[in-house]
Amino acid sequence: MKEEQLSPKISLATNAAFNVLYKVLNVVFPLISAVYLARVLLPAGVGKISYAQNIVSYMVLLGALGIPTYGVREVAKRRNSREATDKLFSEVLVINFCSTSVALLLYAYLVVTYFSSDVPLYVACGLPIVFNYINVDWFYQGKEEYVYIAVRSILIKGLSVVAILLFVHSQSDYVTSALISSLAICGNYVFNIVRARRYVTFTLHGLQLRQHLRPIFVLVACAAGAQLYNNIDVLMLGASQSSNVVGWYNNAQKVIGLVLTLATAISEVFLPRISYLYETDKERFDRLVSMGFRIVLFFALPLTVGTVLVANDLVVVMFGEPFRPAALTIQLLAPLVLIKGLGDIVSYQVIISSGQENRLLAAYFLAAAVNVALNMVLIPRFAQNGAALASVVTELLVNAILLHYSRRILKVSLDWPFMIGTFLACVAMAVPMFVANFLVHNVFAGLFVDVVLAVITYFAFCLVTKNEVLLMIMDLVRKKKRPA
């Protein structure tokens, strides 16, 4: 399998490596904080922050419109023209200013009207809405500046973890914790806008906003549908269950978020590249998506199996005994790693890069309706585990619909020998983990033994069977080490 490359300066392998670093740190640093906060704030404090941040996420969605996705695609298309990039950047930033102003006013109204009993928490959590005025992360992704994104993230996230350890010491510090989390997000935005002057010039002359409005509004509608079916469970849990239940579910989601990041960080760098190739080289477009599918499957399948097998020990090691009820929730959510991972590369990215984002609308809003209905039935009976089941069923539905559309755009044949070999490697990995779970009863030792056995067994089996993705990764590593 050959590495796709557009220029000698930026390769997919380099972008993938740094995006893995960025995405993992984007989850790992907050997860480190979560491990500490779970023991300081306890489930009730974690649940309060989670509920407030969930409300804010809808306002950020409104403020950002569909710009984060649209901007990546359009910057990638204009990568060879500074003038066209300047114009696009300015037009999109003006639209972002207007939408963010609306979101900020609406959020202020909601806080005053419905959350006046805890204004400090909602002000702290709401800072990302204010700083969305200068959110241009999409510009750097479209330019494939993943090295900068990763370095920036290490600095900001590292400082946020240190701040959490220094300033959060009791349950009453939950507002301080929320403030630090918000400032970490806002710090990224400040770095981005200051550095953007190197690449782009903002102007208010000759702007044509109308051409961007339709695709942006379609994408924000898609994002709203996706946000609804992804986050409505937290709202429904918060409305009908205790803060403890919300805290258990929130931390289970954080674990799955980390695992999903590990599975998809490589393929996420494909969007700007396949957006460019869809316009210029359809054969390479098909080949790149096929490679992305194999890479995601290679990582997502064992991570899904492994997460199910280590969940009981993992939740106690990370969050403490009060969060043990989240173990089953993690196991129920684990299939999302495989479903979302494969769906992102073969459905979502294909549809977005081809400019057919309107296809997403029906799928997302149907999924949102199904998710609400399932949550209404399952949450009263199974609490956070009911919400987990509803999420998995909904994700299966939406990806099945999107796959139907993407097959009309994409010409990819399934590599059955590769898929069967990867599945057998997971079976080989699971056997010693099952044995270890029976023999080792200490949660710390059990988790360590499980992880070591899983990694060794899986990669050894793949090496013996000459797994295509593993051989490609090893070849890339050898090339990077080889002296120039």
# chains A, B, ... in the order shown; residues from 1 in each chain; ligands from 1

call {"tool": "residues_around", "arguments": {"residues": "A:Gly71", "least_positions_apart": "2", "cutoff": "8 Å", "atoms": "only C-alpha atoms", "output": "list in words"}}
result
Ile67, Pro68, Thr69, Arg73, Glu74, Val75, Val92, Trp138, Phe139 and Gly142 of chain A

call {"tool": "write_last_selection", "arguments": {"atoms": "N, CA and C atoms", "output": "CSV table (one decimal), in the first residue's frame"}}
result
chain,number,residue,atom,x,y,z
A,67,ILE,N,-19.5,25.9,9.9
A,67,ILE,CA,-18.2,26.5,9.4
A,67,ILE,C,-17.1,25.5,9.7
A,68,PRO,N,-17.0,24.8,10.8
A,68,PRO,CA,-15.8,23.9,11.0
A,68,PRO,C,-15.6,22.9,9.9
A,69,THR,N,-16.7,22.3,9.5
A,69,THR,CA,-16.6,21.3,8.4
A,69,THR,C,-16.4,22.0,7.0
A,73,ARG,N,-13.1,22.0,4.1
A,73,ARG,CA,-13.2,21.6,2.7
A,73,ARG,C,-12.9,22.7,1.8
A,74,GLU,N,-13.3,23.9,2.0
A,74,GLU,CA,-13.2,25.0,1.1
A,74,GLU,C,-11.7,25.5,1.1
A,75,VAL,N,-11.1,25.5,2.3
A,75,VAL,CA,-9.7,25.9,2.3
A,75,VAL,C,-8.8,25.0,1.6
A,92,VAL,N,-16.0,33.9,5.6
A,92,VAL,CA,-16.4,33.0,6.6
A,92,VAL,C,-16.4,33.6,8.0
A,138,TRP,N,-10.6,25.5,11.8
A,138,TRP,CA,-10.9,24.9,10.4
A,138,TRP,C,-9.9,25.4,9.4
A,139,PHE,N,-9.4,26.6,9.5
A,139,PHE,CA,-8.4,27.1,8.6
A,139,PHE,C,-7.1,26.3,8.6
A,142,GLY,N,-7.7,22.8,7.2
A,142,GLY,CA,-7.8,22.8,5.7
A,142,GLY,C,-6.4,23.0,5.1

call {"tool": "residues_around", "arguments": {"residues": "A:Thr264", "least_positions_apart": "6", "cutoff": "9 Å", "atoms": "only C-alpha atoms", "output": "list in words"}}
result
Val20, Lys23, Ile295, Val296, Phe299, Ala300, Val337, Lys340, Gly341, Leu342, Asp344 and Ile345 of chain A

call {"tool": "atom_distance", "arguments": {"atom1": "atom CA of A:Arg324", "atom2": "atom CA of A:Ala445"}}
result
17.1 Å

call {"tool": "residues_around", "arguments": {"residues": "A:Ile351", "least_positions_apart": "3", "cutoff": "12 Å", "atoms": "only C-alpha atoms", "output": "VMD selection string"}}
result
chain A and resid 69 73 219 222 271 274 to 275 278 289 343 to 348 354 to 361 399 401 to 410

call {"tool": "atom_distance", "arguments": {"atom1": "atom CA of A:Ala373", "atom2": "atom CA of A:Gln241"}}
result
16.9 Å

call {"tool": "closest_residue", "arguments": {"among": "A:Ala163, A:Ile473, A:Ala390, A:Leu303", "to": "A:Ala454", "atoms": "only C-alpha atoms"}}
result
A:Leu303

call {"tool": "residues_around", "arguments": {"residues": "A:Leu374", "least_positions_apart": "4", "cutoff": "10 Å", "atoms": "only C-alpha atoms", "output": "number ranges by chain"}}
result
A: 233, 368-370, 378-379, 386-387, 389-391, 393-394

call {"tool": "residues_around", "arguments": {"residues": "A:Leu159", "least_positions_apart": "4", "cutoff": "10 Å", "atoms": "only C-alpha atoms", "output": "list of chain:residue names"}}
result
A:Phe29, A:Ser153, A:Ile154, A:Leu155, A:Ala163, A:Ile164, A:Ile180, A:Ala184

call {"tool": "closest_residue", "arguments": {"among": "A:Leu183, A:Val449, A:Leu106, A:Ala311", "to": "A:Thr329", "atoms": "only C-alpha atoms"}}
result
A:Ala311

call {"tool": "closest_residue", "arguments": {"among": "A:Ile339, A:Val220, A:Val136, A:Val255", "to": "A:Ala196", "atoms": "only C-alpha atoms"}}
result
A:Val136

call {"tool": "closest_residue", "arguments": {"among": "A:Arg284, A:Lys254, A:Arg214, A:Arg79", "to": "A:Ala334", "atoms": "only C-alpha atoms"}}
result
A:Lys254

call {"tool": "decode", "arguments": {"residues": "stretch 55-103 of chain A", "atoms": "N, CA and C atoms", "output": "compact mmCIF listing (two decimals), in the first residue's frame"}}
result
# COMPACT_ATOMS: atom_id res chain seq x y z
N ILE A 55 -25.34 22.01 27.70
CA ILE A 55 -26.13 23.16 27.25
C ILE A 55 -25.28 24.08 26.37
N VAL A 56 -24.06 24.35 26.82
CA VAL A 56 -23.15 25.23 26.07
C VAL A 56 -22.85 24.66 24.69
N SER A 57 -22.73 23.33 24.60
CA SER A 57 -22.37 22.72 23.32
C SER A 57 -23.39 23.06 22.23
N TYR A 58 -24.66 23.19 22.61
CA TYR A 58 -25.68 23.56 21.62
C TYR A 58 -25.50 25.00 21.16
N MET A 59 -25.10 25.87 22.10
CA MET A 59 -24.89 27.27 21.74
C MET A 59 -23.64 27.43 20.86
N VAL A 60 -22.60 26.65 21.17
CA VAL A 60 -21.40 26.68 20.34
C VAL A 60 -21.73 26.18 18.94
N LEU A 61 -22.57 25.17 18.87
CA LEU A 61 -23.01 24.66 17.57
C LEU A 61 -23.72 25.74 16.77
N LEU A 62 -24.59 26.49 17.43
CA LEU A 62 -25.31 27.57 16.75
C LEU A 62 -24.33 28.65 16.30
N GLY A 63 -23.37 28.99 17.16
CA GLY A 63 -22.41 30.03 16.82
C GLY A 63 -21.50 29.64 15.68
N ALA A 64 -21.09 28.38 15.67
CA ALA A 64 -20.16 27.91 14.64
C ALA A 64 -20.85 27.60 13.33
N LEU A 65 -22.20 27.47 13.36
CA LEU A 65 -22.94 27.02 12.18
C LEU A 65 -22.30 25.75 11.63
N GLY A 66 -22.16 25.64 10.32
CA GLY A 66 -21.48 24.47 9.76
C GLY A 66 -20.06 24.81 9.35
N ILE A 67 -19.54 25.94 9.88
CA ILE A 67 -18.25 26.46 9.43
C ILE A 67 -17.08 25.50 9.68
N PRO A 68 -16.98 24.82 10.83
CA PRO A 68 -15.82 23.95 11.05
C PRO A 68 -15.61 22.91 9.94
N THR A 69 -16.69 22.31 9.45
CA THR A 69 -16.57 21.33 8.37
C THR A 69 -16.45 22.01 7.01
N TYR A 70 -17.28 22.99 6.78
CA TYR A 70 -17.26 23.70 5.50
C TYR A 70 -15.90 24.37 5.27
N GLY A 71 -15.36 25.00 6.31
CA GLY A 71 -14.10 25.70 6.18
C GLY A 71 -12.95 24.78 5.80
N VAL A 72 -12.90 23.60 6.41
CA VAL A 72 -11.84 22.64 6.08
C VAL A 72 -11.88 22.29 4.60
N ARG A 73 -13.06 21.97 4.12
CA ARG A 73 -13.22 21.56 2.73
C ARG A 73 -12.86 22.68 1.76
N GLU A 74 -13.35 23.88 2.03
CA GLU A 74 -13.16 24.98 1.09
C GLU A 74 -11.72 25.51 1.11
N VAL A 75 -11.09 25.54 2.27
CA VAL A 75 -9.68 25.95 2.34
C VAL A 75 -8.82 24.96 1.57
N ALA A 76 -9.13 23.66 1.71
CA ALA A 76 -8.37 22.63 0.98
C ALA A 76 -8.49 22.82 -0.53
N LYS A 77 -9.67 23.20 -0.99
CA LYS A 77 -9.87 23.40 -2.43
C LYS A 77 -9.10 24.60 -2.96
N ARG A 78 -8.88 25.61 -2.09
CA ARG A 78 -8.22 26.85 -2.52
C ARG A 78 -6.75 26.89 -2.09
N ARG A 79 -6.19 25.77 -1.77
CA ARG A 79 -4.85 25.71 -1.19
C ARG A 79 -3.77 26.31 -2.08
N ASN A 80 -4.01 26.38 -3.38
CA ASN A 80 -2.99 26.88 -4.30
C ASN A 80 -3.15 28.36 -4.66
N SER A 81 -4.10 29.05 -4.01
CA SER A 81 -4.33 30.46 -4.34
C SER A 81 -4.46 31.28 -3.06
N ARG A 82 -3.47 32.16 -2.80
CA ARG A 82 -3.51 33.02 -1.62
C ARG A 82 -4.68 34.00 -1.69
N GLU A 83 -4.93 34.57 -2.85
CA GLU A 83 -6.01 35.54 -2.99
C GLU A 83 -7.37 34.90 -2.70
N ALA A 84 -7.59 33.71 -3.26
CA ALA A 84 -8.87 33.03 -3.03
C ALA A 84 -9.02 32.62 -1.56
N THR A 85 -7.90 32.23 -0.94
CA THR A 85 -7.93 31.85 0.47
C THR A 85 -8.24 33.05 1.35
N ASP A 86 -7.62 34.20 1.07
CA ASP A 86 -7.90 35.43 1.83
C ASP A 86 -9.39 35.78 1.77
N LYS A 87 -9.94 35.70 0.58
CA LYS A 87 -11.34 36.06 0.39
C LYS A 87 -12.26 35.11 1.16
N LEU A 88 -12.00 33.81 1.03
CA LEU A 88 -12.80 32.82 1.74
C LEU A 88 -12.70 33.03 3.25
N PHE A 89 -11.49 33.19 3.75
CA PHE A 89 -11.27 33.37 5.19
C PHE A 89 -12.08 34.56 5.70
N SER A 90 -12.03 35.67 5.01
CA SER A 90 -12.72 36.89 5.44
C SER A 90 -14.23 36.70 5.41
N GLU A 91 -14.72 36.09 4.35
CA GLU A 91 -16.17 35.89 4.23
C GLU A 91 -16.71 34.97 5.31
N VAL A 92 -15.99 33.90 5.56
CA VAL A 92 -16.45 32.95 6.57
C VAL A 92 -16.37 33.56 7.97
N LEU A 93 -15.34 34.35 8.23
CA LEU A 93 -15.19 34.96 9.55
C LEU A 93 -16.30 35.98 9.82
N VAL A 94 -16.74 36.71 8.81
CA VAL A 94 -17.85 37.65 8.97
C VAL A 94 -19.14 36.88 9.30
N ILE A 95 -19.39 35.79 8.60
CA ILE A 95 -20.57 34.96 8.88
C ILE A 95 -20.49 34.42 10.31
N ASN A 96 -19.31 33.98 10.72
CA ASN A 96 -19.09 33.46 12.06
C ASN A 96 -19.38 34.53 13.12
N PHE A 97 -19.00 35.78 12.85
CA PHE A 97 -19.25 36.87 13.79
C PHE A 97 -20.75 37.04 14.03
N CYS A 98 -21.51 37.02 12.97
CA CYS A 98 -22.96 37.22 13.08
C CYS A 98 -23.62 36.06 13.85
N SER A 99 -23.26 34.86 13.50
CA SER A 99 -23.90 33.69 14.14
C SER A 99 -23.49 33.58 15.61
N THR A 100 -22.25 33.90 15.93
CA THR A 100 -21.79 33.84 17.32
C THR A 100 -22.51 34.87 18.17
N SER A 101 -22.77 36.04 17.62
CA SER A 101 -23.51 37.08 18.35
C SER A 101 -24.91 36.60 18.72
N VAL A 102 -25.58 35.94 17.78
CA VAL A 102 -26.91 35.38 18.04
C VAL A 102 -26.84 34.32 19.14
N ALA A 103 -25.85 33.43 19.06
CA ALA A 103 -25.71 32.36 20.05
C ALA A 103 -25.43 32.93 21.44
